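**Q** So that we are looking at the same thing, I have put the structure below in structure tokens.
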Amino acid sequence: MAASAARGDLFQHLDASAPNATAFNGSQLIWLDQSGNNRNAVETSSGSGDVTYSADASVFPTGLSSIRFDGSSNTNFGRLELFSAATSDAVLNQSDPSATGFTVLAVIRGDTNPAVQDWNDLIGNTTDVGEGAFLMRYHSGSGTFQGALGGLTVQNNYQGQSNYDNGVSTVFAFRYDPAQSNNEITLASTLNNYTQVFNLSNSVTNRDFSNNDPFTLGKAWDNVGRLFIGNVGEVKIYDHALNTFQFSAEIESLDRKWNTSPEGRLDLVVDLATGNATLSTPGSIPVDVAGLRIQSDSGSLDTSDWLSITDNYDSDSSETPIDSDNTWLKLEQSTEDLSEATFGTTSIMPGQSVNLGSVLRLGSVQDITAEYADPITEDAVPIFVRYTNSSPANLLPGDFNGNGSVDLADYVVWRNNLGAEIALDNEVVSIGRVTTDDYTTWKNGFGASAVGAVASIQVPEPCGLPIVLLPLLACALKKRAARAAMLLVSVLLLAGSHQAHAIDAEVGVYYYPWWDIHDWNDSLRARMLPEDHRPIAGYSPSSSPDLITEHINQSHRGNISMWATSWWGPGTIEDTVLQQSILTHPRASELSYAVHYESTGRFGSFDNPDFSNLSTDFEYLAENVFSDPNYHRIDNRPVVFMYVSRAYFNHPDAGQALANARQLLQDNYGYDPYVVGDEIFNSSVDTNRTQHFDAVTTYDVYAMSGTSSGTVSQEDIQQAYGKYAQAASTGATVIPAVTPGYNDKVVRPGNTPTGRYFTGETIEQAGSVFSALLNQAAAPNVDASTGNLIMVNSFNEWHEDTQIEPTIVVAPSSMDNSGSGTELTQGKTYEGYGYKYLDLLRDATIDGGPLLIDGDADFDGNLDMDDVTAFAAAWGSEHLVNGQRVGGYQSRITLPDFNYDGVVDFEDWFVMRRTIPQASSVDIIALSRVSEPHAGWLAAIAIGVCCMASVWKKQSKPTSGSTLSNDRAGHNVCNRSLPGGHTALPYLSVRQ
């Protein structure tokens, strides 16, 4: 596999799989730093010990090269000095109060039955692990992995785990985070998925762990006979503590890169001498493939010699096809990206080698990455890239006559041989054929020699052919950009014509982060028959980063911008997930978050409440949550929803307790919380209670509207409308709420369930109650001072079946797994509703928003072959904000970015495959095939090659009718005036 991409915040990065990973100073090996910081590791071996570069493909499961350490004793050992004592101080001296910690990760494989059956010092400064020392090591006899910091405090309890096996490749990881006062140290290894946290002893007060010693790999800086014998693949050191998500992601990434089994794996072997690439599987079972992608950030790919499956091996293009049943489609063919895919499935067989042609420009940057689309798991799976042989020596691209300089004479050689099937000297692309790509190589290298006179001569342009061909070439060059631009304009035009009378509203949902400990069987949908109505995201724990990602994507689909998360007090699972998983999620900034204060868990009984928790809870929130940049605010005040306040604020102490809590926060933290009371329930609100709150709402829409009778009618909708209007008439600020239905029979047998459609309707009308509440009860009662906020009960309260979180699509049923078969449904019919409620919510609350249908890549509301064309045009496009890729709603409405991640890639192709099944059996050749030009046309095409820069430069400027401005978030946006006086939705820059 190619070297891991270096991160800018890495302190040191050593990767044996990187091209030119090592160098030598005489016989002394130097392992070159890939971080860009030039902190190279230098060999300091002793005696007969040694450190060597190993290309042995059998050491690590993925066949990557490694660094070999050999030795036998405290006087004969192999060792590398990672950095000096002075540099070590920059990482390990944590005595400053503002210290940020550090992180160390290493991929190792120790020998089976090594010469030293004892503790093997891997990384650190001394074996004498006193208060001022750091060490990572393992025991080759017991199999235990240990980390030592500031004494023996992290070497004690390993819970019986064996965290190292002789001869097994393992990722070891250590993190010190002084910001975690009770869990400063995290120790992890991939063997047995071991992770454990430790408290550093409070007696360690001087937290300088550098020990004034060099930081070494292979043996500590002392005379103790503990040394490492084996191979090291990669070392990554950060001069700060990675957060939990980053720490886990780094371990997973390293493990995948070095330890992936040969089974189900694809390898791409690139010959540096020829640029040729071959694809194969090292395993014993076939690998199913629905797409291939080869990329180079530096633009080092050779497009002219790519032997794509589309043009060479599929059912229509070869007498001996790899895929005899399916037609493939080219998605991209550029120097940065060679991609193709199929609606069918191709298998790469064991022992089969697929020649993909000379895809690497000779002498270029070796930064190829590759992946394949797995049709079974619907994942984009990394392909392991390895390089063989060496690049041609003394290569000077463009020096076609071999005289040592790139000059006019080389242009003459190219011109006289254009179209010939011969190899030129120093040719780096289209090897063996003279093409316009060779001209581009010559032009880019012109003046590379030391002859100053040559560099001052103007570069000649190809000439002598009809100028009328230039527009044709320009059209060809601009085709992809033009198609993508047309796609974007069509989206904007459709947006202007869709849903003219939606509510101008901001949407919040009540969100429940308790599914790490709650039982999914305590929900109606898990107990439906003949098949459960599980969430599309699965029965997943709330702390799962993947689940949170999916919920953010789903929120965008439903125009949801805020989660009011259930909160039961400090240290509860809801508090932990909010702080450690939601607010720290890499995409947290796409939404805002508020606390839904669960008063029944904090105040006790309704008859005899205890409000003593209120002030301390608010203090805790002020110290830990309110300062988060994504916390929801109204008038710059942090918002708190208080559940069932109507049951507590009749007590004479309640109002004063809330006033005291407010005053405490204002005096000590500068916060004036915006508290929303759950007060709208009876025919009129009690102004003695509502005076304590900044706004009022209802949580229990089910009972408030009268549907708790088990029947639903238009009178119930009007009752909800009337109660919101009455509350507003008292001067209260109203935040109306809606719900899709209610059924809590699994957890509270006494309540009568209500269906998701009006009484008298059938399951085909499911969603009608939700829509009626939105349009007839909530919409007329929004308040501009809250941003026209509407609350939905709920996103994922599955116990009460109020959730709008998408389910799998399942046929309607009234049967459940209770004894009677209908005890839970009470005979009402339920369906696996898919995205229905998110789409209803979106359509009701976005005025002019485009239709968002999975697979509808051209946004016309239809699923057809035009979507395949549009998808190919948008392939690889990114949604950029200030130069950074950003997913979310804006990305989804401007691109066929069906998974909301900010880029059009294989994850979105899988959606196309699922939603346009007819494409697997129709002829898609016309969508992808463009005939290769005859040699006689190559010279004609050459006329416009030199116009490329100006063509693309013009495309980067705002077009007529466009103005650059800033949106509310400070992003650069382009506002386009459309026919009929419409102004399209702002869209962000898209890379082609």
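Order determines the names: the first chain of the structure tokens is A, the second B, and so forth; residues in each chain are numbered 1 upward, and ligands are numbered 1 upward as they are shown.
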Using only C-alpha atoms, which residues sit within 12 Å of Val235 of chain A once same-chain residues fewer than 4 positions away are excluded, as a PyMOL selection string?
**A** chain A and resi 3-4+6+10-17+31-35+40-41+66-67+80+82+103-108+122-123+171-174+216-218+231+250-251+254
**Q** With N, CA and C atoms kept, could you save the residues just selected as a CSV table (one decimal), in the first residue's frame?
**A**
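Generated output (selection_32.csv):
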```
chain,number,residue,atom,x,y,z
A,3,ALA,N,2.2,4.9,1.0
A,3,ALA,CA,2.5,5.5,2.4
A,3,ALA,C,1.2,6.3,2.8
A,4,SER,N,1.0,6.2,4.2
A,4,SER,CA,-0.1,7.0,4.7
A,4,SER,C,0.1,8.4,4.5
A,6,ALA,N,0.7,12.1,5.1
A,6,ALA,CA,1.2,12.8,6.3
A,6,ALA,C,0.2,13.8,6.8
A,10,LEU,N,1.5,16.1,12.7
A,10,LEU,CA,2.4,15.0,13.1
A,10,LEU,C,3.7,15.6,13.6
A,11,PHE,N,4.2,15.1,14.7
A,11,PHE,CA,5.6,15.5,15.1
A,11,PHE,C,6.6,14.7,14.4
A,12,GLN,N,6.4,13.4,14.2
A,12,GLN,CA,7.3,12.6,13.4
A,12,GLN,C,6.5,11.4,12.9
A,13,HIS,N,6.8,11.1,11.6
A,13,HIS,CA,6.1,10.0,10.9
A,13,HIS,C,7.1,9.1,10.2
A,14,LEU,N,7.3,7.9,10.6
A,14,LEU,CA,8.3,7.0,9.9
A,14,LEU,C,7.4,5.9,9.3
A,15,ASP,N,7.6,5.7,8.0
A,15,ASP,CA,6.8,4.7,7.3
A,15,ASP,C,7.7,3.9,6.3
A,16,ALA,N,7.9,2.7,6.7
A,16,ALA,CA,8.8,1.8,5.8
A,16,ALA,C,8.2,1.5,4.5
A,17,SER,N,6.9,1.7,4.3
A,17,SER,CA,6.2,1.4,3.0
A,17,SER,C,6.3,2.6,2.1
A,31,TRP,N,16.1,6.4,8.8
A,31,TRP,CA,14.7,6.2,8.4
A,31,TRP,C,14.1,7.6,8.3
A,32,LEU,N,13.7,8.0,7.1
A,32,LEU,CA,13.3,9.3,6.8
A,32,LEU,C,11.9,9.7,7.3
A,33,ASP,N,11.9,10.9,7.9
A,33,ASP,CA,10.6,11.4,8.4
A,33,ASP,C,9.7,11.8,7.3
A,34,GLN,N,8.4,11.3,7.3
A,34,GLN,CA,7.4,11.7,6.3
A,34,GLN,C,6.5,12.8,6.7
A,35,SER,N,6.7,13.4,7.9
A,35,SER,CA,5.8,14.4,8.4
A,35,SER,C,6.1,15.8,7.8
A,40,ASN,N,14.4,12.9,11.1
A,40,ASN,CA,14.8,11.6,10.6
A,40,ASN,C,15.4,10.8,11.8
A,41,ALA,N,15.1,9.5,11.8
A,41,ALA,CA,15.6,8.6,12.8
A,41,ALA,C,16.9,8.0,12.3
A,66,SER,N,9.5,-3.2,5.6
A,66,SER,CA,9.6,-2.8,7.0
A,66,SER,C,11.0,-2.6,7.4
A,67,ILE,N,11.2,-2.2,8.7
A,67,ILE,CA,12.6,-2.0,9.2
A,67,ILE,C,12.9,-3.1,10.2
A,80,LEU,N,17.4,2.7,16.8
A,80,LEU,CA,17.3,4.0,16.1
A,80,LEU,C,17.0,5.1,17.1
A,82,LEU,N,15.1,8.2,17.6
A,82,LEU,CA,14.1,8.9,16.9
A,82,LEU,C,14.3,10.4,16.9
A,103,THR,N,0.9,11.6,21.8
A,103,THR,CA,0.3,10.3,21.3
A,103,THR,C,1.4,9.6,20.5
A,104,VAL,N,1.6,8.3,20.8
A,104,VAL,CA,2.6,7.4,20.1
A,104,VAL,C,1.9,6.2,19.6
A,105,LEU,N,2.1,5.9,18.3
A,105,LEU,CA,1.5,4.7,17.7
A,105,LEU,C,2.6,4.0,16.9
A,106,ALA,N,2.6,2.6,17.0
A,106,ALA,CA,3.7,1.9,16.3
A,106,ALA,C,3.1,0.6,15.8
A,107,VAL,N,3.5,0.1,14.6
A,107,VAL,CA,3.1,-1.1,14.0
A,107,VAL,C,4.4,-2.1,14.1
A,108,ILE,N,4.2,-3.2,14.8
A,108,ILE,CA,5.4,-4.0,15.0
A,108,ILE,C,5.0,-5.5,14.9
A,122,LEU,N,10.4,-1.2,23.3
A,122,LEU,CA,10.1,-0.8,22.0
A,122,LEU,C,10.4,0.7,21.7
A,123,ILE,N,9.7,1.5,22.4
A,123,ILE,CA,9.9,3.0,22.2
A,123,ILE,C,10.0,3.6,23.6
A,171,VAL,N,-0.7,-3.4,16.2
A,171,VAL,CA,-0.6,-1.9,16.4
A,171,VAL,C,-0.6,-1.6,17.9
A,172,PHE,N,0.4,-1.0,18.4
A,172,PHE,CA,0.5,-0.5,19.8
A,172,PHE,C,0.3,1.0,19.8
A,173,ALA,N,-0.5,1.5,20.8
A,173,ALA,CA,-0.8,2.9,20.9
A,173,ALA,C,-0.8,3.4,22.3
A,174,PHE,N,-0.3,4.6,22.5
A,174,PHE,CA,-0.3,5.2,23.9
A,174,PHE,C,-0.7,6.6,23.7
A,216,THR,N,14.2,6.7,21.7
A,216,THR,CA,14.7,5.7,20.8
A,216,THR,C,13.7,4.6,20.5
A,217,LEU,N,14.0,3.8,19.5
A,217,LEU,CA,13.2,2.7,19.0
A,217,LEU,C,14.1,1.5,18.9
A,218,GLY,N,13.7,0.4,19.5
A,218,GLY,CA,14.5,-0.9,19.5
A,218,GLY,C,15.2,-1.2,20.8
A,231,ASN,N,10.5,-6.7,13.5
A,231,ASN,CA,10.3,-5.7,12.4
A,231,ASN,C,9.3,-4.6,12.8
A,250,GLU,N,-6.9,6.4,14.0
A,250,GLU,CA,-5.5,6.1,13.7
A,250,GLU,C,-5.2,4.7,13.9
A,251,ILE,N,-5.6,4.1,15.0
A,251,ILE,CA,-5.4,2.7,15.2
A,251,ILE,C,-6.0,1.8,14.1
A,254,LEU,N,-4.1,2.2,10.7
A,254,LEU,CA,-2.8,1.5,10.7
A,254,LEU,C,-3.1,0.0,10.6
```
**Q** Using only C-alpha atoms, determine which residues lie at most 7 Å from Val381 of chain A, disregarding the query and same-chain residues fewer than 2 positions distant; provide the list as a list in words.
**A**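 So, after excluding close chain neighbours, the residues are Glu371, Tyr372, Ala373, Asp374, Asp379 and Ile383 of chain A.
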**Q** How would the residues just picked look written out with N, CA, C and O atoms as a PDB file, in the first residue's frame?
**A**
```pdb
ATOM      1  N   GLU A 371      -8.811   2.198  -4.747  1.00  0.00           N
ATOM      2  CA  GLU A 371      -9.876   1.550  -3.993  1.00  0.00           C
ATOM      3  C   GLU A 371     -10.803   0.845  -4.967  1.00  0.00           C
ATOM      4  O   GLU A 371     -10.819   1.143  -6.165  1.00  0.00           O
ATOM      5  N   TYR A 372     -11.554  -0.120  -4.435  1.00  0.00           N
ATOM      6  CA  TYR A 372     -12.567  -0.762  -5.261  1.00  0.00           C
ATOM      7  C   TYR A 372     -13.908  -0.719  -4.551  1.00  0.00           C
ATOM      8  O   TYR A 372     -13.978  -0.623  -3.328  1.00  0.00           O
ATOM      9  N   ALA A 373     -14.972  -0.749  -5.339  1.00  0.00           N
ATOM     10  CA  ALA A 373     -16.324  -0.755  -4.798  1.00  0.00           C
ATOM     11  C   ALA A 373     -16.751  -2.194  -4.561  1.00  0.00           C
ATOM     12  O   ALA A 373     -16.824  -2.989  -5.495  1.00  0.00           O
ATOM     13  N   ASP A 374     -17.005  -2.521  -3.297  1.00  0.00           N
ATOM     14  CA  ASP A 374     -17.409  -3.868  -2.921  1.00  0.00           C
ATOM     15  C   ASP A 374     -18.935  -3.966  -3.024  1.00  0.00           C
ATOM     16  O   ASP A 374     -19.649  -3.324  -2.248  1.00  0.00           O
ATOM     17  N   ASP A 379     -19.123  -0.898   0.431  1.00  0.00           N
ATOM     18  CA  ASP A 379     -18.066  -0.051   0.956  1.00  0.00           C
ATOM     19  C   ASP A 379     -17.041   0.209  -0.145  1.00  0.00           C
ATOM     20  O   ASP A 379     -16.858  -0.607  -1.055  1.00  0.00           O
ATOM     21  N   ILE A 383      -7.385  -0.516  -1.958  1.00  0.00           N
ATOM     22  CA  ILE A 383      -6.525  -1.454  -2.671  1.00  0.00           C
ATOM     23  C   ILE A 383      -5.095  -1.185  -2.213  1.00  0.00           C
ATOM     24  O   ILE A 383      -4.686  -0.025  -2.113  1.00  0.00           O
TER      25      ILE A 383
END
```
**Q** As a VMD selection string, please: every residue in segment 735-856 of chain A that a backbone DSSP assignment puts in strand (DSSP E).
**A** chain A and resid 735 737 to 738 789 to 792 809 to 813 815 to 816 830 to 833
**Q** For the residues in that selection, give me all heavy atoms as a compact mmCIF listing (two decimals), in the first residue's frame.
**A**
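Written output follows (selection12.txt):
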```
# COMPACT_ATOMS: atom_id res chain seq x y z
N ILE A 735 -43.22 27.96 21.04
CA ILE A 735 -42.50 27.06 20.15
C ILE A 735 -43.40 25.86 19.92
O ILE A 735 -43.46 24.94 20.76
CB ILE A 735 -41.15 26.62 20.75
CG1 ILE A 735 -40.25 27.84 20.99
CG2 ILE A 735 -40.45 25.62 19.83
CD1 ILE A 735 -38.93 27.53 21.67
N ALA A 737 -45.02 22.31 18.64
CA ALA A 737 -44.42 20.99 18.47
C ALA A 737 -45.39 20.08 17.73
O ALA A 737 -46.61 20.27 17.77
CB ALA A 737 -44.06 20.38 19.83
N VAL A 738 -44.83 19.08 17.05
CA VAL A 738 -45.62 18.10 16.31
C VAL A 738 -45.08 16.71 16.60
O VAL A 738 -43.96 16.54 17.10
CB VAL A 738 -45.57 18.37 14.79
CG1 VAL A 738 -46.13 19.75 14.47
CG2 VAL A 738 -44.15 18.25 14.26
N LEU A 789 -38.96 28.55 15.25
CA LEU A 789 -38.60 27.18 15.64
C LEU A 789 -39.83 26.32 15.85
O LEU A 789 -40.80 26.72 16.51
CB LEU A 789 -37.77 27.23 16.93
CG LEU A 789 -37.28 25.89 17.49
CD1 LEU A 789 -36.35 25.20 16.51
CD2 LEU A 789 -36.57 26.10 18.83
N ILE A 790 -39.80 25.13 15.26
CA ILE A 790 -40.79 24.08 15.48
C ILE A 790 -40.05 22.86 16.05
O ILE A 790 -38.99 22.49 15.54
CB ILE A 790 -41.49 23.68 14.17
CG1 ILE A 790 -42.39 24.82 13.67
CG2 ILE A 790 -42.32 22.42 14.35
CD1 ILE A 790 -43.02 24.54 12.32
N MET A 791 -40.60 22.23 17.07
CA MET A 791 -40.01 21.02 17.64
C MET A 791 -40.78 19.79 17.19
O MET A 791 -42.01 19.81 17.06
CB MET A 791 -40.02 21.09 19.17
CG MET A 791 -39.13 22.17 19.76
SD MET A 791 -37.39 21.99 19.28
CE MET A 791 -36.99 20.40 20.05
N VAL A 792 -40.04 18.73 16.95
CA VAL A 792 -40.63 17.44 16.58
C VAL A 792 -40.36 16.45 17.69
O VAL A 792 -39.20 16.24 18.09
CB VAL A 792 -40.04 16.91 15.25
CG1 VAL A 792 -40.63 15.54 14.93
CG2 VAL A 792 -40.30 17.88 14.11
N VAL A 809 -37.71 -0.33 4.83
CA VAL A 809 -39.04 -0.38 4.23
C VAL A 809 -39.59 -1.79 4.36
O VAL A 809 -38.99 -2.75 3.85
CB VAL A 809 -38.99 0.05 2.75
CG1 VAL A 809 -40.36 -0.09 2.11
CG2 VAL A 809 -38.50 1.48 2.64
N VAL A 810 -40.71 -1.92 5.07
CA VAL A 810 -41.32 -3.23 5.32
C VAL A 810 -42.82 -3.11 5.04
O VAL A 810 -43.43 -2.06 5.29
CB VAL A 810 -41.09 -3.68 6.79
CG1 VAL A 810 -41.75 -5.01 7.06
CG2 VAL A 810 -39.60 -3.76 7.08
N ALA A 811 -43.41 -4.17 4.53
CA ALA A 811 -44.84 -4.16 4.21
C ALA A 811 -45.68 -3.91 5.46
O ALA A 811 -45.30 -4.31 6.57
CB ALA A 811 -45.22 -5.50 3.58
N PRO A 812 -46.83 -3.27 5.31
CA PRO A 812 -47.69 -2.98 6.47
C PRO A 812 -48.13 -4.25 7.19
O PRO A 812 -48.33 -5.31 6.59
CB PRO A 812 -48.88 -2.27 5.83
CG PRO A 812 -48.37 -1.71 4.55
CD PRO A 812 -47.36 -2.71 4.06
N SER A 813 -48.29 -4.11 8.51
CA SER A 813 -48.73 -5.24 9.33
C SER A 813 -49.35 -4.71 10.61
O SER A 813 -49.01 -3.63 11.09
CB SER A 813 -47.54 -6.14 9.67
OG SER A 813 -47.90 -7.12 10.62
N MET A 815 -49.53 -7.14 13.15
CA MET A 815 -49.15 -8.25 14.02
C MET A 815 -47.86 -7.94 14.76
O MET A 815 -46.94 -7.33 14.22
CB MET A 815 -48.96 -9.52 13.19
CG MET A 815 -50.20 -9.97 12.44
SD MET A 815 -51.55 -10.40 13.58
CE MET A 815 -50.83 -11.82 14.44
N ASP A 816 -47.82 -8.37 16.03
CA ASP A 816 -46.61 -8.23 16.84
C ASP A 816 -46.32 -9.56 17.52
O ASP A 816 -47.09 -10.52 17.39
CB ASP A 816 -46.76 -7.10 17.85
CG ASP A 816 -47.94 -7.32 18.78
OD1 ASP A 816 -47.95 -8.33 19.52
OD2 ASP A 816 -48.86 -6.46 18.80
N TYR A 830 -49.15 -0.77 11.02
CA TYR A 830 -47.90 0.00 10.97
C TYR A 830 -47.09 -0.47 9.76
O TYR A 830 -47.23 -1.61 9.31
CB TYR A 830 -47.09 -0.19 12.25
CG TYR A 830 -47.77 0.40 13.47
CD1 TYR A 830 -48.69 -0.36 14.20
CD2 TYR A 830 -47.51 1.69 13.87
CE1 TYR A 830 -49.34 0.18 15.31
CE2 TYR A 830 -48.14 2.25 14.98
CZ TYR A 830 -49.05 1.49 15.70
OH TYR A 830 -49.68 2.03 16.79
N GLU A 831 -46.23 0.41 9.28
CA GLU A 831 -45.39 0.10 8.13
C GLU A 831 -43.94 0.43 8.44
O GLU A 831 -43.65 1.26 9.31
CB GLU A 831 -45.83 0.93 6.91
CG GLU A 831 -45.65 2.42 7.13
CD GLU A 831 -46.03 3.27 5.94
OE1 GLU A 831 -46.17 2.71 4.84
OE2 GLU A 831 -46.18 4.50 6.11
N GLY A 832 -43.02 -0.27 7.74
CA GLY A 832 -41.65 0.19 7.74
C GLY A 832 -41.57 1.35 6.77
O GLY A 832 -41.61 1.17 5.55
N TYR A 833 -41.51 2.57 7.31
CA TYR A 833 -41.86 3.77 6.54
C TYR A 833 -40.70 4.41 5.79
O TYR A 833 -40.88 5.40 5.08
CB TYR A 833 -42.50 4.81 7.45
CG TYR A 833 -41.71 5.11 8.70
CD1 TYR A 833 -40.60 5.96 8.67
CD2 TYR A 833 -42.07 4.54 9.91
CE1 TYR A 833 -39.86 6.22 9.82
CE2 TYR A 833 -41.35 4.79 11.07
CZ TYR A 833 -40.25 5.64 11.02
OH TYR A 833 -39.52 5.90 12.14
```
**Q** List as JSON, numbers by chain the protein and nucleic acid residues near segment 767-771 of chain A, meaning an atom at most 8 Å away when only C-alpha atoms are counted, but skip any in the same chain fewer than 3 places from it.
**A** {"A": [712, 738, 739, 740, 741, 756, 757, 758, 774, 775, 836, 837, 840, 841, 844]}
**Q** Taking all heavy atoms for each residue, export the selection above as a CSV table (one decimal), in the first residue's frame.
**A**
```csv
chain,number,residue,atom,x,y,z
A,712,VAL,N,-58.0,9.8,15.9
A,712,VAL,CA,-57.5,11.0,15.5
A,712,VAL,C,-58.4,11.6,14.4
A,712,VAL,O,-58.8,11.0,13.5
A,712,VAL,CB,-56.1,10.8,14.8
A,712,VAL,CG1,-55.4,12.2,14.6
A,712,VAL,CG2,-55.2,10.0,15.7
A,738,VAL,N,-44.8,19.1,17.1
A,738,VAL,CA,-45.6,18.1,16.3
A,738,VAL,C,-45.1,16.7,16.6
A,738,VAL,O,-44.0,16.5,17.1
A,738,VAL,CB,-45.6,18.4,14.8
A,738,VAL,CG1,-46.1,19.7,14.5
A,738,VAL,CG2,-44.2,18.3,14.3
A,739,THR,N,-45.9,15.7,16.3
A,739,THR,CA,-45.5,14.3,16.5
A,739,THR,C,-46.2,13.5,15.4
A,739,THR,O,-47.2,13.8,14.9
A,739,THR,CB,-45.9,13.8,17.9
A,739,THR,OG1,-45.2,12.6,18.2
A,739,THR,CG2,-47.4,13.6,18.0
A,740,PRO,N,-45.5,12.3,15.0
A,740,PRO,CA,-46.2,11.5,13.9
A,740,PRO,C,-47.2,10.6,14.5
A,740,PRO,O,-48.1,10.1,13.7
A,740,PRO,CB,-45.0,10.7,13.4
A,740,PRO,CG,-44.0,10.6,14.5
A,740,PRO,CD,-44.2,11.9,15.3
A,741,GLY,N,-47.2,10.2,15.8
A,741,GLY,CA,-48.1,9.3,16.4
A,741,GLY,C,-47.6,8.9,17.7
A,741,GLY,O,-46.7,9.5,18.3
A,756,ARG,N,-50.7,6.5,12.8
A,756,ARG,CA,-50.0,7.6,12.1
A,756,ARG,C,-50.9,8.1,11.0
A,756,ARG,O,-50.4,8.7,10.1
A,756,ARG,CB,-48.7,7.2,11.7
A,756,ARG,CG,-47.7,6.9,12.9
A,756,ARG,CD,-46.3,6.7,12.5
A,756,ARG,NE,-45.4,6.7,13.6
A,756,ARG,CZ,-44.1,7.0,13.6
A,756,ARG,NH1,-43.5,7.4,12.5
A,756,ARG,NH2,-43.4,7.0,14.7
A,757,TYR,N,-52.2,7.8,11.1
A,757,TYR,CA,-53.1,8.3,10.1
A,757,TYR,C,-54.5,8.6,10.8
A,757,TYR,O,-54.7,8.1,11.9
A,757,TYR,CB,-53.3,7.3,8.9
A,757,TYR,CG,-53.5,5.9,9.4
A,757,TYR,CD1,-54.8,5.4,9.6
A,757,TYR,CD2,-52.4,5.0,9.6
A,757,TYR,CE1,-55.0,4.1,10.0
A,757,TYR,CE2,-52.6,3.7,10.0
A,757,TYR,CZ,-53.9,3.2,10.2
A,757,TYR,OH,-54.1,2.0,10.6
A,758,PHE,N,-55.3,9.4,10.1
A,758,PHE,CA,-56.6,9.7,10.7
A,758,PHE,C,-57.5,8.5,10.8
A,758,PHE,O,-57.5,7.6,10.0
A,758,PHE,CB,-57.3,10.8,9.9
A,758,PHE,CG,-56.7,12.2,10.1
A,758,PHE,CD1,-55.9,12.7,9.1
A,758,PHE,CD2,-56.9,12.9,11.2
A,758,PHE,CE1,-55.3,14.0,9.2
A,758,PHE,CE2,-56.4,14.2,11.4
A,758,PHE,CZ,-55.6,14.7,10.4
A,774,LEU,N,-48.2,19.8,11.3
A,774,LEU,CA,-47.2,20.7,10.8
A,774,LEU,C,-47.9,21.9,10.1
A,774,LEU,O,-47.6,23.1,10.5
A,774,LEU,CB,-46.3,20.1,9.8
A,774,LEU,CG,-45.1,19.3,10.3
A,774,LEU,CD1,-44.4,18.5,9.2
A,774,LEU,CD2,-44.0,20.3,10.8
A,775,ASN,N,-48.7,21.7,9.2
A,775,ASN,CA,-49.3,22.8,8.3
A,775,ASN,C,-50.4,23.5,9.0
A,775,ASN,O,-50.6,24.7,8.8
A,775,ASN,CB,-49.7,22.2,7.0
A,775,ASN,CG,-48.6,21.6,6.2
A,775,ASN,OD1,-47.6,22.4,5.9
A,775,ASN,ND2,-48.6,20.4,5.8
A,836,LYS,N,-40.0,8.5,4.9
A,836,LYS,CA,-41.3,9.2,4.7
A,836,LYS,C,-41.4,10.5,5.6
A,836,LYS,O,-41.7,11.6,5.1
A,836,LYS,CB,-42.5,8.3,5.0
A,836,LYS,CG,-43.8,9.0,5.0
A,836,LYS,CD,-45.0,8.1,5.3
A,836,LYS,CE,-45.3,7.2,4.1
A,836,LYS,NZ,-46.5,6.5,4.3
A,837,TYR,N,-41.1,10.3,6.9
A,837,TYR,CA,-41.4,11.5,7.8
A,837,TYR,C,-40.3,12.6,7.6
A,837,TYR,O,-40.6,13.8,7.8
A,837,TYR,CB,-41.5,11.0,9.2
A,837,TYR,CG,-42.7,10.2,9.4
A,837,TYR,CD1,-42.7,8.8,9.2
A,837,TYR,CD2,-44.0,10.8,9.5
A,837,TYR,CE1,-43.8,8.0,9.3
A,837,TYR,CE2,-45.1,10.0,9.6
A,837,TYR,CZ,-45.1,8.6,9.5
A,837,TYR,OH,-46.2,7.9,9.5
A,840,LEU,N,-41.5,14.3,4.5
A,840,LEU,CA,-42.7,15.2,4.8
A,840,LEU,C,-42.3,16.4,5.5
A,840,LEU,O,-42.8,17.5,5.2
A,840,LEU,CB,-43.7,14.4,5.6
A,840,LEU,CG,-44.5,13.3,4.9
A,840,LEU,CD1,-45.3,12.5,5.9
A,840,LEU,CD2,-45.4,13.8,3.8
A,841,LEU,N,-41.4,16.3,6.4
A,841,LEU,CA,-40.9,17.4,7.2
A,841,LEU,C,-40.2,18.4,6.3
A,841,LEU,O,-40.4,19.6,6.4
A,841,LEU,CB,-40.0,16.9,8.3
A,841,LEU,CG,-39.4,18.0,9.3
A,841,LEU,CD1,-40.5,18.7,10.0
A,841,LEU,CD2,-38.5,17.3,10.3
A,844,ALA,N,-42.5,20.3,4.0
A,844,ALA,CA,-43.3,21.3,4.7
A,844,ALA,C,-42.6,22.5,5.2
A,844,ALA,O,-43.2,23.5,5.5
A,844,ALA,CB,-44.0,20.6,5.9
```
**Q** Residues within 8 Å of Val747 of chain A, please, as JSON, numbers by chain. Count only C-alpha atoms; anything in the same chain fewer than 2 positions from it doesn't count.
**A** {"A": [522, 523, 744, 745, 749, 799, 800]}
